[in-house]
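Novice: Below is a structure I'd like to ask you about.
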Amino acid sequence: MTDLETFRLQTRAWLEDHAPASLRDAAESRGPGGFWGGRRAKDAPADERRWLEVMAERGWTAPTWPKAYGGGGLSAAEARVVDEERRRLQMPPPLVGFGLKMIGPTLLRFGTEAQKQEHIPKIVRGEIRWCQGYSEPGSGSDLASLQTRAVLEEGEYVINGQKVWTSYADQSDWIFCLVRTDPAAKKQAGITFILFDMDQPGITVRPIPLISGASPFCEVFFENARARPENVIHEVNAGWTVAKALLQHERAWIGELFAGSVAGAREELVGLAREYLGAPEGPIPDALTRDAITRVAMEEDAFLLTLERAAQLTRAAGGRPGPESSVLKTAGTELNQERCALAVQLAGPQALGWEGPGFTDRELTLARTWLRSRGNTIEGGTTEIQLNIIAKHVLGLPD
Amino acid sequence: MTDLETFRLQTRAWLEDHAPASLRDAAESRGPGGFWGGRRAKDAPADERRWLEVMAERGWTAPTWPKAYGGGGLSAAEARVVDEERRRLQMPPPLVGFGLKMIGPTLLRFGTEAQKQEHIPKIVRGEIRWCQGYSEPGSGSDLASLQTRAVLEEGEYVINGQKVWTSYADQSDWIFCLVRTDPAAKKQAGITFILFDMDQPGITVRPIPLISGASPFCEVFFENARARPENVIHEVNAGWTVAKALLQHERAWIGELFAGSVAGAREELVGLAREYLGAPEGPIPDALTRDAITRVAMEEDAFLLTLERAAQLTRAAGGRPGPESSVLKTAGTELNQERCALAVQLAGPQALGWEGPGFTDRELTLARTWLRSRGNTIEGGTTEIQLNIIAKHVLGLPD
Amino acid sequence: MQLIRSETEAMLATSARKFFTVNSPLERVRALRDARDETGFSRELWAQMAELGWTGMLVPEEHEGMGMGMSELCVVLEEAGRALAPEPFLSTVLLSAQLIARAGTDEQKDRWLASVARGEATLALAHHERGARHARARVETTAARGEDGRWRVSGRKAQVEDGHVADALLVTARSAGAVDDPGGLCLFLVDREAPGVSVTRQRRVDERNIAIVELRDVELGDDALVGPAGAAASALEPVLDRATIGLCAEMLGSMTRAFEDTVAYLKERKQFGVPIGTFQALKHRAARLFMGLTLARSVVMAAARAADDDDASAEHVAAMASLCKARCSDCFLHVANEGVQLFGGVGMTDEYDIGLFLKRARVAEQTLGDAAWHRDRWARLIGF
Amino acid sequence: MQLIRSETEAMLATSARKFFTVNSPLERVRALRDARDETGFSRELWAQMAELGWTGMLVPEEHEGMGMGMSELCVVLEEAGRALAPEPFLSTVLLSAQLIARAGTDEQKDRWLASVARGEATLALAHHERGARHARARVETTAARGEDGRWRVSGRKAQVEDGHVADALLVTARSAGAVDDPGGLCLFLVDREAPGVSVTRQRRVDERNIAIVELRDVELGDDALVGPAGAAASALEPVLDRATIGLCAEMLGSMTRAFEDTVAYLKERKQFGVPIGTFQALKHRAARLFMGLTLARSVVMAAARAADDDDASAEHVAAMASLCKARCSDCFLHVANEGVQLFGGVGMTDEYDIGLFLKRARVAEQTLGDAAWHRDRWARLIGF
């Protein structure tokens, strides 16, 4: 038996002992993508908190991160085993969020030893929930034009300005934020990447109502908010380098997220067709509907294979996602849009409800999910920006 | 009975007397779009020449042009009647080509009295076949960058340079040509619109073999070719104004041409489906094929209605097509491409032949027509240029 | 066929544009939504539109109407569509009053048509049933004639536009035939307050007013029948086709407005120091949308003219309605999807208007047959 | 599943790229076409490829082959696709030799497999018939066993790849069953020079070599049967699926080359004083093509791996073949169409290469099932 096989058996046994039975089969059912942790999650269900605790104790919320910062210290192959065995038990991931997927990897790459020591263990344990302070009202696709100012006064940065599209800012503890520290410099050159606590008087957060009825994004207003200089990542005025690296992690993560929401599209769509077109089994009788489902389902398979291929390429290239992550982001989000639009189409007039009565709970999710999906190709860098990136950085087309 | 009804009865009687019976039902069968005339058409079939002659005698090759220049002097409504009655007899148009559709209308607008007297009667009578000297190897979409030089020497313009994509230059008698007369001026400002005879020693014409196997376009080389100054249209160095106006006639004409090739798409496609999918009558059994045909056929109807609406708008606006003609050009050419691609799809492997044996004559046209159709969105101003025009001149989007 | 507007139509368009601009900004639609307004539209505005003659455009002159055609009404509907006005044109003017005008008795006409033209009565067609999708004859509601000669109607209708306020409901019910059989359908005029009728308001993504109408042994006499028993399909078909054309005109207005707003945003929003409308990729997409709208306008205009042409066969009008609805459904969704994308983040917020058009696009697409249904039907009508 | 190349595969790709770049520029394909070359490919190059082991990659080692898998062969096919090389990989290596290897007798294997591996013999599968479109069992050619125990085969095959030069033909014929019945098909090894066989060269738009094969009472013994009479479908199905995957690898190479040439042209061609690749609308379209190619590469790689996986069911390999062919058919046509458009006028000329790819895209799309056929089949295999 290889070491890896032994590791698998041990992992399996350990997971079977420690995974709360109440969470099995629950995979995607609670919260978007899983448990997000943080200071405000104290009232989360006990089983979710327990699951986080046992996994975090071994560092298995971040299995490949160094043990020195609370990570699991596993090899990529071992981490895969942990993941596979967890899925075998149909357990949700113990922790998800911007800490693990964005600021954590960024700190490991750009942070000082002290910064790693301070922040990473709390990320691993899900103690701090992070949000991302990037976009501003005047700086969407043109991110580098951002205007939020940070001025060093008496040993602290004093921050004034406004961020927008800050996901879950209303539920987050800390923010990683792009601020302008040198207004005189060329726009990319005057930006600093800094971390600070959201729980302070100078910060106001307002959720933004979306067309889908939900409000996952917020406006964040800074009025003399404070940040410590030791929480500047990389160097002052060199934040753009950090910001770009982090964006590649973001895009790769969005790809993964859509793998989650996209996987099973086929079953969902076929199920809707069987229900609403009245074909309990066998080939779906309406050839056009069947073809529409087939196209989405084939796209799903191709996308999932591409995601896996990209992961293998990234591993082979030393772990950092490249500009090709823009392909994943674009393909994944557009696929999700097609899936959602087709689901609405399949349920026909019954997919048009906003509230009851006359629509089932399931039906009521269809239009809202479809409406929400339209934002997928905007958030996390618009499709237009992704295509620019591919054209410039992958194909080398001139500016 | 209204005057117009009287005119219709007279026209009908006259056409029945004068339209060669041998051409009836022949509508589209000879040459692309009809009879192109010109000095080299002396060997054309006698019935085609006769049909041209009798129609030209009344000016009905150009029914709305002034009688003073050989035109028919008819109102738009009367011209419509002539057209409808001709179609009722299933007669082809007596004459088609660049003279009637492009340089003629341009001369009527920009030409001097002498120029109109010299050229228009010959156009009406189909004596001179015209070609269009616009594009150059380095100046395609960026037409205004053209380099062909014309220098006034001893009372004549001496022309040196090269044109490309000159349709039917090898069969044409005269050319309307854009030449650079002031190399120092800003690029649009140094261009002159001039006419000259192709039958002279300084001109070499080489047909360009296309992927479809045909060679409708030519390269034209000028080595000290000669033109008379009295054949400058509008003013020296003001040719760009003329050129642009003519392009709108061209686009509108291309729209009409595609109306011709597109009309009947439905019957053709349904026929192919019945033959190759084996469904002699009733609904076409393959729902996907039927839907594909339906989409093209509905697009055809929408396009033809739009063409008619555009013609009515143009008439209401005083007769000059506007930048909206770019919509017609783009929609018509893309529709033709879809039609040709679907025809190939319907005939399946039997549409793949280049020559016999093993393919019927009809089958052998399918792939070549499809290949040729790919050029539709390039010639006459690429789709990209048309979209630029719509964005700028119709929607007013900034440069 | 004249495919451009007559002078009268152009004048009508101008005055309708002005009317809706002044009286029906999009804030009005939001306010009705956010207040969960019980009526869901403005009776005052409806009365003003009646004064302008719009509610009675299709009503014959002998019933106080204008006796005009679809072409004129479509001009008004297009402007209503620009404003996303929720007034009951579809339910009352296009569907119910037309059914009564075509198939009703003199008494029924006298009772309702002038009242509709005056903007007093609103009516609703209770026809759609859950699960029917777009099938026009998928009716399970039953109409049984008892030994007393009275009808008893039972069933459940869903997404009945303006059913919550209609003074009377036009209810389809089956007296014979299997579930998808066009034969055997009856059309009854039912008072909304009649015993056995219960109406429940529904909420749809576009906030247009719809309701569930339940009928439990609703007792009706022959005087409630609109047209002969069992023959309702022959009245329904042409009315549904004309209503489809009217809906398309409304959609055309909505998508044109959504497009114009998007183009305006492209000129105004700056990124990288320039208006985003300078970016060629966005320009080309805007130009494509314009092309789509241009073709859509042609078919809507042609369909309205066909509906007004006494020489046009019912099949021709039906084909034109399908040509138009298939295209408008696809085009409106395309315009709205692209609109949200080009607005970017703010396009996803409830605060901006483009999302209202996106929601309306989806509902309109599903109303009176979706694009796939109309393409299939068109091909059938054409004969392949 | 490993979705990236192994080191061996990467090395193989490098040497194959070099081989085709040196020996098979596109001028070679044009020269064969313009000279109306009788063979239509290069026997010398084929012999060199055999020396490199490529013709015998799938042939078992006991027959002088390499005994390697589809993954390795697909690496070579991709490079052949970049060069539009007309050598008989599909006819001989992917189809005929594989049928013999799977279903043939020891004598047949001894006679042909080593000869194929050595690059000496070429073979052709005479299966397609006019009008069959993509139906795999649409065979009207008959095989009747006479009282003398001998078979007599009659029929007409069309678009037989490399049929004009094949040393032997693998002919499908029906001994029983109705025209679309997979049961009742036989597979015969027929000498191209046998009495009753006549072969006529055909010309296709892509100039790949095809022929009509007519069989008139061709007399054959049982020793000509490849596999049991009536059971040919069970040998054909897996071989056609694997050949489809191989064809997709070739298509992937072709479309990647067409795309790269297009991107190079965008960088080089200037209009308005700048390279046209600076125009954002064109950039976005190029990026879209790259996305399509990225996804196509993933499925081709995965399908080749599935074909090499002994644990994979026949249905799984079939589904992967269809996943791959549907995508590659659409993607190649899209890349080629866009390529011609982005090249502009010169893209339409015979002088430029992009047109060669456009023609090949159309033929490849129609070979071994078009996209619609594969989508339908994939859904059937998946179960809906």
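Residue names in the structure tokens use chain letters A, B, ... in the order shown, residue numbers from 1 in each chain, and ligand numbers from 1 in the order shown.
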Give me the residues of chain B that have any atom at most 12 Å from an atom of chain A; for each, the nearest atom pair and the distance in Å, rounded to one decimal. Use only C-alpha atoms, sort by chain and number, and format it as JSON lines.

Specialist:
{"residue": "B:Pro285", "atom": "CA", "partner": "A:Ala287", "partner_atom": "CA", "distance": 10.5}
{"residue": "B:Asp286", "atom": "CA", "partner": "A:Ala287", "partner_atom": "CA", "distance": 8.3}
{"residue": "B:Ala287", "atom": "CA", "partner": "A:Ala287", "partner_atom": "CA", "distance": 6.1}
{"residue": "B:Leu288", "atom": "CA", "partner": "A:Leu288", "partner_atom": "CA", "distance": 6.1}
{"residue": "B:Thr289", "atom": "CA", "partner": "A:Leu288", "partner_atom": "CA", "distance": 9.8}
{"residue": "B:Arg290", "atom": "CA", "partner": "A:Leu288", "partner_atom": "CA", "distance": 10.0}
{"residue": "B:Asp291", "atom": "CA", "partner": "A:Leu288", "partner_atom": "CA", "distance": 8.1}
{"residue": "B:Ala292", "atom": "CA", "partner": "A:Leu288", "partner_atom": "CA", "distance": 10.3}

Novice: At a cut-off of 6 Å, can you tabulate as a Markdown table every residue of chain A near chain D together with its closest atom pair and the distance in Å to one decimal, using only C-alpha atoms and ordering rows by chain then number?

Specialist:
| residue | atom | partner | partner_atom | distance |
| --- | --- | --- | --- | --- |
| A:Gly282 | CA | D:Phe384 | CA | 5.8 |
| A:Pro283 | CA | D:Phe384 | CA | 4.5 |
| A:Ile284 | CA | D:Phe384 | CA | 5.9 |
| A:Ala302 | CA | D:Leu295 | CA | 5.8 |
| A:Leu305 | CA | D:Ser298 | CA | 5.9 |
| A:Thr306 | CA | D:Ser298 | CA | 5.2 |
| A:Arg309 | CA | D:Leu3 | CA | 5.2 |
| A:Val327 | CA | D:Met291 | CA | 5.8 |
| A:Leu387 | CA | D:His284 | CA | 5.5 |
| A:Ile390 | CA | D:Ala287 | CA | 5.7 |
| A:Ala391 | CA | D:Ala287 | CA | 5.4 |
| A:Leu397 | CA | D:Gly277 | CA | 5.7 |
| A:Pro398 | CA | D:Thr278 | CA | 5.3 |
| A:Asp399 | CA | D:Thr278 | CA | 5.3 |

Novice: Which distance in Å separates atom CA of B:Phe7 and atom CA of B:Val81, to one decimal?

Specialist: 8.0 Å

Novice: Which residues are close to stretch 67-75 of chain A, i.e. within 8 Å by only C-alpha atoms, leaving aside same-chain residues fewer than 4 positions away? Reply as a ChimeraX atom specification.

Specialist: /A:56,58-63,79,116-117,120-121,124

Novice: What is the distance between atom CA of C:Phe343 and atom CA of A:Glu384, in Å to one decimal?

Specialist: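 Straight-line distance from atom CA of C:Phe343 to atom CA of A:Glu384 works out to 12.0 Å.
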
Novice: Applying 10 Å and only C-alpha atoms, which residues near B:Glu219 remain after dropping the ones on its own chain fewer than 3 positions away? List them as a list in words.

Specialist: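 Selected residues are Gly133, Ser135, Glu136, Pro137, Gln162, Lys163, Val164, Trp165, Thr166, Ser167, Tyr168, Ala169, Asp170, Thr204, Val205, Arg206, Pro207 and Ile208 of chain B.
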
Novice: Taking 6 positions as the minimum chain separation for residues in the same chain, which residues sit within 7 Å of stretch 212-214 of chain C when counting only C-alpha atoms? Answer as a list in words.

Specialist: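 Result of the neighbour search: Gly155, Arg156, Lys157, Ala158, Gln159, Val160, Val197, Ser198, Val199, Thr200, Arg201 and Gln202 of chain C.
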
Novice: Using N, CA and C atoms, can you write the selected residues to a file as an mmCIF file, in the first residue's frame?

Specialist:
data_model
loop_
_atom_site.group_PDB
_atom_site.id
_atom_site.type_symbol
_atom_site.label_atom_id
_atom_site.label_comp_id
_atom_site.auth_asym_id
_atom_site.auth_seq_id
_atom_site.Cartn_x
_atom_site.Cartn_y
_atom_site.Cartn_z
ATOM 1 N N GLY C 155 -63.467 25.331 -11.939
ATOM 2 C CA GLY C 155 -62.083 25.201 -12.386
ATOM 3 C C GLY C 155 -61.224 26.275 -11.756
ATOM 4 N N ARG C 156 -59.976 26.284 -12.159
ATOM 5 C CA ARG C 156 -59.047 27.224 -11.545
ATOM 6 C C ARG C 156 -58.192 27.862 -12.638
ATOM 7 N N LYS C 157 -58.259 29.177 -12.700
ATOM 8 C CA LYS C 157 -57.487 29.904 -13.703
ATOM 9 C C LYS C 157 -56.326 30.604 -13.004
ATOM 10 N N ALA C 158 -55.234 30.740 -13.715
ATOM 11 C CA ALA C 158 -54.061 31.349 -13.087
ATOM 12 C C ALA C 158 -53.520 32.474 -13.959
ATOM 13 N N GLN C 159 -52.799 33.383 -13.317
ATOM 14 C CA GLN C 159 -52.170 34.506 -14.013
ATOM 15 C C GLN C 159 -53.168 35.238 -14.904
ATOM 16 N N VAL C 160 -54.356 35.445 -14.357
ATOM 17 C CA VAL C 160 -55.380 36.188 -15.097
ATOM 18 C C VAL C 160 -55.044 37.669 -14.979
ATOM 19 N N VAL C 197 -67.251 32.376 -7.137
ATOM 20 C CA VAL C 197 -66.032 32.944 -7.743
ATOM 21 C C VAL C 197 -65.143 33.488 -6.628
ATOM 22 N N SER C 198 -63.897 33.060 -6.610
ATOM 23 C CA SER C 198 -62.984 33.727 -5.681
ATOM 24 C C SER C 198 -61.704 34.107 -6.406
ATOM 25 N N VAL C 199 -61.250 35.282 -6.118
ATOM 26 C CA VAL C 199 -60.111 35.857 -6.839
ATOM 27 C C VAL C 199 -58.990 36.140 -5.849
ATOM 28 N N THR C 200 -57.787 35.660 -6.158
ATOM 29 C CA THR C 200 -56.639 35.880 -5.274
ATOM 30 C C THR C 200 -55.539 36.566 -6.068
ATOM 31 N N ARG C 201 -55.072 37.661 -5.568
ATOM 32 C CA ARG C 201 -54.000 38.403 -6.231
ATOM 33 C C ARG C 201 -52.717 37.570 -6.258
ATOM 34 N N GLN C 202 -52.009 37.598 -7.400
ATOM 35 C CA GLN C 202 -50.692 36.964 -7.496
ATOM 36 C C GLN C 202 -49.646 38.040 -7.737
#

Novice: Can you tell me how far atom CA of D:Gln48 sits from atom CA of D:Asn209, in Å to one decimal?

Specialist: 19.9 Å
